[in-house]
Structures are given as structure tokens and as C-alpha cells.
file target-v5.cif (mmCIF, C-alpha atoms)
data_data
#
loop_
_atom_site.label_atom_id
_atom_site.label_comp_id
_atom_site.auth_asym_id
_atom_site.auth_seq_id
_atom_site.Cartn_x
_atom_site.Cartn_y
_atom_site.Cartn_z
CA MET A 69 75.04 15.66 -0.78
CA PRO A 70 72.19 13.63 0.69
CA GLU A 71 71.07 10.57 -1.21
CA PRO A 72 67.52 10.63 -2.72
CA ASP A 73 64.85 8.84 -0.79
CA PRO A 74 63.89 5.68 -2.75
CA PHE A 75 60.40 5.73 -1.21
CA ALA A 76 59.67 9.30 -2.18
CA SER A 77 56.88 9.86 -4.68
CA PRO A 78 57.46 12.09 -7.70
CA PHE A 79 53.87 13.37 -7.37
CA HIS A 80 53.43 14.31 -3.73
CA HIS A 81 55.28 14.27 -0.47
CA VAL A 82 55.36 11.00 1.46
CA ASP A 83 55.93 10.82 5.19
CA LEU A 84 57.67 7.65 6.28
CA PRO A 85 56.71 6.02 9.60
CA GLY A 86 58.44 7.79 12.46
CA GLN A 87 59.45 10.71 10.33
CA GLU A 88 58.58 14.15 11.63
CA ARG A 89 56.42 16.06 9.26
CA PRO A 90 57.70 19.57 8.70
CA ASP A 91 55.24 22.35 9.17
CA THR A 92 55.59 23.63 5.66
CA PRO A 93 52.70 25.06 3.67
CA LEU A 94 51.44 23.24 0.63
CA PRO A 95 52.80 24.44 -2.68
CA PRO A 96 50.60 26.81 -4.66
CA GLY A 97 47.79 25.07 -6.55
CA TYR A 98 48.11 21.83 -4.57
CA ARG A 99 44.91 20.44 -3.04
CA LEU A 100 44.40 17.49 -0.78
CA PRO A 101 42.14 14.81 -2.24
CA ALA A 102 38.58 15.15 -1.06
CA PRO A 103 37.31 12.31 1.15
CA MET A 104 34.85 9.89 -0.35
CA PRO A 105 31.25 10.71 0.64
CA PRO A 106 29.57 8.09 2.86
CA VAL A 107 27.37 5.64 1.00
CA ASP A 108 23.80 5.56 2.24
CA ALA A 109 22.01 2.21 2.33
CA ALA A 110 19.06 3.83 0.56
CA ASP A 111 21.30 4.55 -2.45
CA LEU A 112 22.02 0.83 -2.83
CA ALA A 113 18.38 -0.26 -2.48
CA PRO A 114 16.53 -0.99 -5.73
CA ARG A 115 14.23 1.74 -6.93
CA ARG A 116 10.51 0.93 -6.67
CA PRO A 117 8.84 0.99 -10.10
CA VAL A 118 5.60 2.76 -10.87
CA THR A 119 3.85 -0.56 -11.52
CA THR A 120 4.43 -1.72 -7.95
CA THR A 121 3.20 1.59 -6.57
CA VAL A 122 0.07 1.40 -8.73
CA ALA A 123 -0.58 -2.17 -7.62
CA SER A 124 -0.28 -1.21 -3.95
CA TRP A 125 -2.64 1.75 -4.28
CA CYS A 126 -5.18 -0.30 -6.25
CA TRP A 127 -5.38 -2.94 -3.52
CA LEU A 128 -5.68 -0.24 -0.87
CA ALA A 129 -8.43 1.43 -2.92
CA GLY A 130 -10.27 -1.88 -3.11
CA ALA A 131 -10.12 -2.22 0.68
CA ALA A 132 -11.40 1.35 1.09
CA LEU A 133 -14.28 0.64 -1.27
CA VAL A 134 -15.31 -2.31 0.87
CA VAL A 135 -14.78 -0.79 4.31
CA LEU A 136 -15.95 2.79 3.66
CA ALA A 137 -17.89 3.09 0.40
CA LEU A 138 -20.01 -0.06 0.64
CA PRO A 139 -21.50 0.66 4.08
CA ALA A 140 -22.04 4.28 3.01
CA LEU A 141 -24.28 3.08 0.18
CA PHE A 142 -26.80 1.76 2.71
CA TYR A 143 -27.28 5.25 4.13
CA THR A 144 -29.00 6.20 0.88
CA GLY A 145 -31.92 3.97 1.94
CA VAL A 146 -31.75 4.27 5.71
CA ASP A 147 -35.40 5.38 5.89
CA VAL A 148 -36.52 2.28 4.00
CA LEU A 149 -34.49 0.13 6.36
CA ALA A 150 -36.09 1.83 9.38
CA ASP A 151 -39.56 1.20 7.92
CA ASP A 152 -38.74 -2.49 7.47
CA LEU A 153 -37.52 -2.75 11.05
CA VAL A 154 -40.72 -1.20 12.38
CA ARG A 155 -42.87 -3.47 10.23
CA ASP A 156 -40.94 -6.64 11.13
CA SER A 157 -41.17 -5.91 14.86
CA ALA A 158 -44.89 -5.12 14.81
CA THR A 159 -45.79 -8.69 15.75
CA ASP A 160 -43.28 -8.84 18.64
CA ASP A 161 -44.23 -8.43 22.27
CA SER A 162 -42.36 -5.14 22.40
CA PRO A 163 -42.36 -3.61 18.92
CA MET A 164 -39.72 -1.04 18.02
CA THR A 165 -40.58 2.61 17.98
CA ARG A 166 -39.76 4.80 15.04
CA GLY A 167 -36.83 6.36 16.90
CA GLU A 168 -35.39 2.99 17.84
CA ALA A 169 -35.76 1.77 14.27
CA GLU A 170 -33.96 4.81 12.88
CA LEU A 171 -31.13 4.38 15.40
CA ALA A 172 -30.78 0.70 14.51
CA ALA A 173 -30.89 1.52 10.81
CA ARG A 174 -28.05 4.01 11.21
CA LEU A 175 -25.94 1.68 13.36
CA THR A 176 -26.31 -1.33 11.06
CA PRO A 177 -23.98 0.00 8.31
CA VAL A 178 -21.41 0.95 10.96
CA LEU A 179 -21.34 -2.58 12.37
CA PHE A 180 -21.25 -3.92 8.83
CA GLY A 181 -18.24 -1.71 8.07
CA LEU A 182 -16.41 -2.83 11.21
CA ALA A 183 -16.85 -6.47 10.25
CA LEU A 184 -15.57 -5.74 6.74
CA ALA A 185 -12.61 -3.84 8.19
CA VAL A 186 -11.53 -6.94 10.11
CA LEU A 187 -11.82 -9.06 6.98
CA SER A 188 -9.88 -6.49 4.93
CA THR A 189 -6.89 -6.37 7.31
CA PRO A 190 -4.85 -8.97 5.35
CA PHE A 191 -5.42 -6.99 2.14
CA VAL A 192 -4.20 -3.75 3.73
CA LEU A 193 -1.11 -5.31 5.31
CA ALA A 194 -0.11 -7.14 2.13
CA ALA A 195 -0.73 -4.06 -0.03
CA ALA A 196 1.46 -1.95 2.25
CA LYS A 197 4.31 -4.48 2.20
CA LEU A 198 3.96 -4.85 -1.56
CA ARG A 199 5.57 -1.41 -1.89
CA SER A 200 8.71 -2.83 -0.27
CA GLY A 201 8.88 -5.67 -2.79
CA ARG A 202 8.11 -8.41 -0.30
CA THR A 203 7.48 -11.72 -2.03
CA TRP A 204 5.10 -12.93 0.65
CA ALA A 205 2.89 -9.89 0.02
CA ARG A 206 2.45 -10.86 -3.64
CA VAL A 207 1.74 -14.46 -2.67
CA ALA A 208 -0.85 -13.33 -0.09
CA LEU A 209 -2.59 -10.98 -2.53
CA THR A 210 -2.61 -13.69 -5.18
CA ALA A 211 -4.33 -16.06 -2.75
CA LEU A 212 -6.80 -13.35 -1.69
CA ALA A 213 -7.65 -12.26 -5.22
CA PRO A 214 -10.17 -15.09 -5.96
CA PRO A 215 -12.26 -14.42 -2.80
CA ALA A 216 -12.20 -10.70 -3.57
CA ALA A 217 -13.36 -11.33 -7.14
CA ALA A 218 -16.11 -13.66 -5.93
CA PHE A 219 -17.26 -11.06 -3.41
CA GLY A 220 -17.46 -8.40 -6.12
CA LEU A 221 -19.37 -10.65 -8.52
CA VAL A 222 -21.87 -11.77 -5.87
CA ALA A 223 -22.41 -8.16 -4.81
CA MET A 224 -23.03 -7.19 -8.43
CA LEU A 225 -25.61 -9.94 -8.88
CA VAL A 226 -27.38 -9.03 -5.64
CA PHE A 227 -27.49 -5.34 -6.52
CA ALA A 228 -28.61 -6.03 -10.09
CA SER A 229 -31.44 -8.29 -8.91
CA GLY A 230 -32.94 -5.49 -6.83
CA GLU A 231 -33.17 -7.66 -3.70
CA LEU A 232 -31.65 -4.85 -1.63
CA PRO A 233 -34.20 -2.03 -1.62
CA TYR A 234 -31.91 0.06 0.56
CA VAL A 235 -29.44 0.67 -2.28
CA HIS A 236 -30.34 1.65 -5.83
CA TRP A 237 -29.36 -1.15 -8.17
CA ALA A 238 -27.46 1.13 -10.56
CA VAL A 239 -25.35 2.56 -7.74
CA GLY A 240 -24.61 -0.92 -6.42
CA VAL A 241 -23.64 -2.26 -9.84
CA ALA A 242 -21.38 0.75 -10.43
CA TRP A 243 -19.70 0.12 -7.08
CA SER A 244 -19.14 -3.52 -8.02
CA TRP A 245 -17.52 -2.58 -11.33
CA VAL A 246 -15.19 -0.09 -9.67
CA PHE A 247 -14.22 -2.61 -6.98
CA LEU A 248 -13.54 -5.38 -9.50
CA GLY A 249 -11.58 -2.99 -11.71
CA ALA A 250 -9.35 -1.87 -8.82
CA CYS A 251 -8.63 -5.47 -7.82
CA ALA A 252 -7.95 -6.55 -11.41
CA LEU A 253 -5.61 -3.62 -12.05
CA GLY A 254 -3.77 -4.27 -8.80
CA PHE A 255 -3.34 -7.96 -9.65
CA VAL A 256 -2.03 -7.28 -13.15
CA ALA A 257 0.26 -4.41 -12.11
CA MET A 258 2.06 -6.42 -9.43
CA TYR A 259 3.03 -9.08 -12.04
CA LEU A 260 4.24 -6.76 -14.79
CA PRO A 261 7.93 -7.15 -15.79
CA ALA A 262 9.04 -4.09 -13.82
CA SER A 263 7.31 -5.36 -10.67
CA ASN A 264 8.84 -8.82 -11.12
CA ALA A 265 12.33 -7.37 -11.52
CA TYR A 266 11.86 -5.21 -8.43
CA ALA A 267 10.73 -8.19 -6.34
CA ARG A 268 13.72 -10.23 -7.50
CA ALA A 269 16.12 -7.39 -6.73
CA VAL A 270 14.72 -6.98 -3.22
CA THR A 271 14.95 -10.72 -2.61
CA ARG A 272 18.61 -10.76 -3.66
#

call {"tool": "encode", "arguments": {"input": "target-v5.cif", "output": "C-alpha cells"}}
result
Amino acid sequence: MPEPDPFASPFHHVDLPGQERPDTPLPPGYRLPAPMPPVDAADLAPRRPVTTTVASWCWLAGAALVVLALPALFYTGVDVLADDLVRDSATDDSPMTRGEAELAARLTPVLFGLALAVLSTPFVLAAAKLRSGRTWARVALTALAPPAAAFGLVAMLVFASGELPYVHWAVGVAWSWVFLGACALGFVAMYLPASNAYARAVTR
């Protein structure tokens, strides 16, 4: 009578090193353990909260208001701007024609928008990286928030004073309020507790 194998398991068959495994079918009802599914790195990454997403979109909306909406406001008074260009060049040696003045009036907001787009590049980059929880993005937006607020307040005062006849003062003031509101909401949202916890988790 063969002696029992001391290394045998009472639960399942164990093949010792060098032992030939018999080609025997598994007993009825026996199943091999399923392999562990691979762990994706995205499953271990912290989940981005809604507050961080809102903060990112608010800063991007503020940049869009400056680069796209603000120059578009000047097209509401492009005829007035063309009239001013014709009147100002009347005393020159070669005064502008009406066609040249209209072309210059329509190109001026485009050039203005391109200049604002260059200045808004840090806002857009930091707002995009804010979604990933980057600490430097919050620091950059915090440093850029005071100039953005000052720009919005100065624009509001200029529009309210009526010194820009090319844009109706009510439209300009409304734009200023929307811009300041987007920047303020973005600043507050990126420092809410959920956003702080997300930034700390990403840093760790």
C-alpha cells in the first residue's frame, strides 16, 4: 500500500516539481480559479471632482470672452469707427477713402483679438492643466487672477463712461459682469475642499 503524500492538499491536486501530470479530466463541478484581471493605471488615479471641472471651464470661458466676444462687440459700431477714420485722415496728405476706412475698421477688431489671444495663452494652458490637478496650474491662475480682475473692472468703467462710441455702454457693461463672474467662479471653485483634496491626491 503506497504511503500518502505529505505534500498533497486535501482541497485540490498538487503537482510536485518533476512529477508528470496525468492527463486526467477534472472532477465534476471543479473549476480552475479565474485569473486576476489586469489593473489599469486609470483605475488607480484619483477621480476629478466637479468643482475642478467647473473651475477649468470657467477660466476657459473667461479667455473666450476676451479673445472672441470682446472683439466681436466692436463690430456693432464698425460704421462709426469707419466714419472716425475718414474724419481723422481728412487733414492728411493722402486721406483715406470710405472703402479703405471700412476695411481698416473691420480689420482692427481682428488684430485686437490676435493680441488678446497671445495674452490669454497662459490662462488657457493653466486652465487645461487644472483638470489634471496640477499644482502649478492653480498657482499660475492665482497669480493671473488680479490682472484679469483689473482688466474687467477697467473695461467696465470705460464702457460705462461712454468713451467708446463703437460699443453700446450697456452691452459693454454686461460683458464686463459676465467676464468678472466667470473669473470669480473659476477662482472660488478651484479652492473648494473637493478641488483641494483632488490636487493633494494627484501630488501624492

call {"tool": "residues_around", "arguments": {"input": "target-v5.cif", "residues": "A:Ala205", "least_positions_apart": "3", "cutoff": "9 Å", "atoms": "all atoms listed in the file", "output": "list of chain:residue names"}}
result
A:Leu193, A:Ala194, A:Ala195, A:Ala196, A:Lys197, A:Leu198, A:Gly201, A:Arg202, A:Ala208, A:Leu209, A:Thr210

call {"tool": "closest_residue", "arguments": {"input": "target-v5.cif", "among": "A:Leu212, A:Ser244, A:Leu232, A:Val122", "to": "A:Asp152", "atoms": "only C-alpha atoms"}}
result
A:Leu232

call {"tool": "residues_around", "arguments": {"input": "target-v5.cif", "residues": "stretch 172-188 of chain A", "least_positions_apart": "2", "cutoff": "9 Å", "atoms": "all atoms listed in the file", "output": "compact mmCIF listing (two decimals) with C-alpha atoms, in the frame of the given file"}}
result
# COMPACT_ATOMS: atom_id res chain seq x y z
CA ALA A 131 -10.12 -2.22 0.68
CA ALA A 132 -11.40 1.35 1.09
CA VAL A 134 -15.31 -2.31 0.87
CA VAL A 135 -14.78 -0.79 4.31
CA LEU A 136 -15.95 2.79 3.66
CA LEU A 138 -20.01 -0.06 0.64
CA PRO A 139 -21.50 0.66 4.08
CA ALA A 140 -22.04 4.28 3.01
CA LEU A 141 -24.28 3.08 0.18
CA PHE A 142 -26.80 1.76 2.71
CA TYR A 143 -27.28 5.25 4.13
CA VAL A 146 -31.75 4.27 5.71
CA ASP A 147 -35.40 5.38 5.89
CA VAL A 148 -36.52 2.28 4.00
CA LEU A 149 -34.49 0.13 6.36
CA ALA A 150 -36.09 1.83 9.38
CA LEU A 153 -37.52 -2.75 11.05
CA GLY A 167 -36.83 6.36 16.90
CA GLU A 168 -35.39 2.99 17.84
CA ALA A 169 -35.76 1.77 14.27
CA GLU A 170 -33.96 4.81 12.88
CA PRO A 190 -4.85 -8.97 5.35
CA PHE A 191 -5.42 -6.99 2.14
CA VAL A 192 -4.20 -3.75 3.73
CA LEU A 193 -1.11 -5.31 5.31

call {"tool": "axis_aligned_box", "arguments": {"input": "target-v5.cif", "around": "stretch 120-134 of chain A", "padding_each_side": "5 Å", "output": "lines of an AutoDock Vina configuration file"}}
result
center_x = -5.4
center_y = -0.6
center_z = -3.8
size_x = 29.7
size_y = 14.7
size_z = 19.8

call {"tool": "residues_around", "arguments": {"input": "target-v5.cif", "residues": "A:Val241", "least_positions_apart": "3", "cutoff": "9 Å", "atoms": "all atoms listed in the file", "output": "list in words"}}
result
Ala223, Met224, Leu225, Val226, Phe227, Ala228, His236, Trp237, Ala238, Ser244, Trp245 and Val246 of chain A

call {"tool": "write_last_selection", "arguments": {"input": "target-v5.cif", "atoms": "C-alpha atoms", "output": "PDB file, in the frame of the given file"}}
result
ATOM      1  CA  ALA A 223     -22.410  -8.160  -4.810  1.00  0.00           C
ATOM      2  CA  MET A 224     -23.030  -7.190  -8.430  1.00  0.00           C
ATOM      3  CA  LEU A 225     -25.610  -9.940  -8.880  1.00  0.00           C
ATOM      4  CA  VAL A 226     -27.380  -9.030  -5.640  1.00  0.00           C
ATOM      5  CA  PHE A 227     -27.490  -5.340  -6.520  1.00  0.00           C
ATOM      6  CA  ALA A 228     -28.610  -6.030 -10.090  1.00  0.00           C
ATOM      7  CA  HIS A 236     -30.340   1.650  -5.830  1.00  0.00           C
ATOM      8  CA  TRP A 237     -29.360  -1.150  -8.170  1.00  0.00           C
ATOM      9  CA  ALA A 238     -27.460   1.130 -10.560  1.00  0.00           C
ATOM     10  CA  SER A 244     -19.140  -3.520  -8.020  1.00  0.00           C
ATOM     11  CA  TRP A 245     -17.520  -2.580 -11.330  1.00  0.00           C
ATOM     12  CA  VAL A 246     -15.190  -0.090  -9.670  1.00  0.00           C
TER      13      VAL A 246
END

call {"tool": "resolve_selection", "arguments": {"input": "target-v5.cif", "expression": "the PyMOL selection byres ((chain A and resi 249) around 12)", "output": "number ranges by chain"}}
result
A: 123, 126-127, 129-130, 133, 213, 216-217, 220-221, 242-248, 250-257

call {"tool": "closest_residue", "arguments": {"input": "target-v5.cif", "among": "A:Ala267, A:Leu171, A:Ala218, A:Ala262", "to": "A:Arg206", "atoms": "only C-alpha atoms"}}
result
A:Ala267

call {"tool": "closest_residue", "arguments": {"input": "target-v5.cif", "among": "A:Thr120, A:Thr144, A:Arg166, A:Pro215", "to": "A:Asn264", "atoms": "only C-alpha atoms"}}
result
A:Thr120

call {"tool": "resolve_selection", "arguments": {"input": "target-v5.cif", "expression": "the PyMOL selection byres ((chain A and resi 116) around 10)", "output": "PyMOL selection string"}}
result
chain A and resi 113-115+117-121+199-201+262-263+265-267+270

call {"tool": "atom_distance", "arguments": {"input": "target-v5.cif", "atom1": "atom CA of A:Val154", "atom2": "atom CA of A:Tyr234"}}
result
14.8 Å

call {"tool": "atom_distance", "arguments": {"input": "target-v5.cif", "atom1": "atom CA of A:Ala211", "atom2": "atom CA of A:Thr189"}}
result
14.2 Å

call {"tool": "atom_distance", "arguments": {"input": "target-v5.cif", "atom1": "atom CA of A:Glu231", "atom2": "atom CA of A:Ala158"}}
result
22.1 Å

call {"tool": "build_atoms", "arguments": {"input": "target-v5.cif", "residues": "stretch 163-193 of chain A", "atoms": "N, CA and C atoms", "output": "tab-separated table (two decimals), in the coordinates of the input"}}
result
chain	number	residue	atom	x	y	z
A	163	PRO	N	-42.77	-4.11	20.24
A	163	PRO	CA	-42.36	-3.61	18.92
A	163	PRO	C	-41.46	-2.37	19.05
A	164	MET	N	-40.65	-2.17	18.04
A	164	MET	CA	-39.72	-1.04	18.02
A	164	MET	C	-40.47	0.25	17.69
A	165	THR	N	-40.03	1.30	18.33
A	165	THR	CA	-40.58	2.61	17.98
A	165	THR	C	-39.84	3.14	16.76
A	166	ARG	N	-40.38	4.22	16.22
A	166	ARG	CA	-39.76	4.80	15.04
A	166	ARG	C	-38.34	5.30	15.36
A	167	GLY	N	-38.16	5.88	16.52
A	167	GLY	CA	-36.83	6.36	16.90
A	167	GLY	C	-35.84	5.22	17.06
A	168	GLU	N	-36.29	4.14	17.69
A	168	GLU	CA	-35.39	2.99	17.84
A	168	GLU	C	-35.05	2.38	16.49
A	169	ALA	N	-36.02	2.33	15.60
A	169	ALA	CA	-35.76	1.77	14.27
A	169	ALA	C	-34.77	2.63	13.49
A	170	GLU	N	-34.89	3.94	13.58
A	170	GLU	CA	-33.96	4.81	12.88
A	170	GLU	C	-32.54	4.69	13.44
A	171	LEU	N	-32.44	4.56	14.79
A	171	LEU	CA	-31.13	4.38	15.40
A	171	LEU	C	-30.50	3.06	14.97
A	172	ALA	N	-31.30	1.99	14.95
A	172	ALA	CA	-30.78	0.70	14.51
A	172	ALA	C	-30.39	0.72	13.04
A	173	ALA	N	-31.19	1.43	12.24
A	173	ALA	CA	-30.89	1.52	10.81
A	173	ALA	C	-29.59	2.26	10.56
A	174	ARG	N	-29.29	3.25	11.40
A	174	ARG	CA	-28.05	4.01	11.21
A	174	ARG	C	-26.84	3.28	11.80
A	175	LEU	N	-27.04	2.43	12.79
A	175	LEU	CA	-25.94	1.68	13.36
A	175	LEU	C	-25.59	0.43	12.56
A	176	THR	N	-26.55	-0.10	11.82
A	176	THR	CA	-26.31	-1.33	11.06
A	176	THR	C	-25.18	-1.19	10.06
A	177	PRO	N	-25.13	-0.13	9.22
A	177	PRO	CA	-23.98	0.00	8.31
A	177	PRO	C	-22.65	0.17	9.03
A	178	VAL	N	-22.65	0.79	10.21
A	178	VAL	CA	-21.41	0.95	10.96
A	178	VAL	C	-20.88	-0.41	11.41
A	179	LEU	N	-21.76	-1.23	11.96
A	179	LEU	CA	-21.34	-2.58	12.37
A	179	LEU	C	-20.91	-3.40	11.17
A	180	PHE	N	-21.62	-3.23	10.06
A	180	PHE	CA	-21.25	-3.92	8.83
A	180	PHE	C	-19.86	-3.50	8.37
A	181	GLY	N	-19.56	-2.21	8.46
A	181	GLY	CA	-18.24	-1.71	8.07
A	181	GLY	C	-17.14	-2.21	8.97
A	182	LEU	N	-17.41	-2.31	10.29
A	182	LEU	CA	-16.41	-2.83	11.21
A	182	LEU	C	-16.07	-4.29	10.91
A	183	ALA	N	-17.10	-5.07	10.60
A	183	ALA	CA	-16.85	-6.47	10.25
A	183	ALA	C	-16.03	-6.57	8.96
A	184	LEU	N	-16.34	-5.73	7.98
A	184	LEU	CA	-15.57	-5.74	6.74
A	184	LEU	C	-14.15	-5.25	6.95
A	185	ALA	N	-13.96	-4.33	7.90
A	185	ALA	CA	-12.61	-3.84	8.19
A	185	ALA	C	-11.72	-4.96	8.73
A	186	VAL	N	-12.30	-5.81	9.58
A	186	VAL	CA	-11.53	-6.94	10.11
A	186	VAL	C	-11.16	-7.90	8.97
A	187	LEU	N	-12.11	-8.15	8.09
A	187	LEU	CA	-11.82	-9.06	6.98
A	187	LEU	C	-10.83	-8.46	5.98
A	188	SER	N	-10.77	-7.14	5.89
A	188	SER	CA	-9.88	-6.49	4.93
A	188	SER	C	-8.48	-6.27	5.48
A	189	THR	N	-8.22	-6.60	6.73
A	189	THR	CA	-6.89	-6.37	7.31
A	189	THR	C	-5.78	-7.07	6.54
A	190	PRO	N	-5.93	-8.35	6.13
A	190	PRO	CA	-4.85	-8.97	5.35
A	190	PRO	C	-4.58	-8.24	4.03
A	191	PHE	N	-5.63	-7.73	3.38
A	191	PHE	CA	-5.42	-6.99	2.14
A	191	PHE	C	-4.58	-5.73	2.39
A	192	VAL	N	-4.90	-5.01	3.45
A	192	VAL	CA	-4.20	-3.75	3.73
A	192	VAL	C	-2.74	-4.02	4.09
A	193	LEU	N	-2.48	-5.01	4.93
A	193	LEU	CA	-1.11	-5.31	5.31
A	193	LEU	C	-0.28	-5.77	4.11
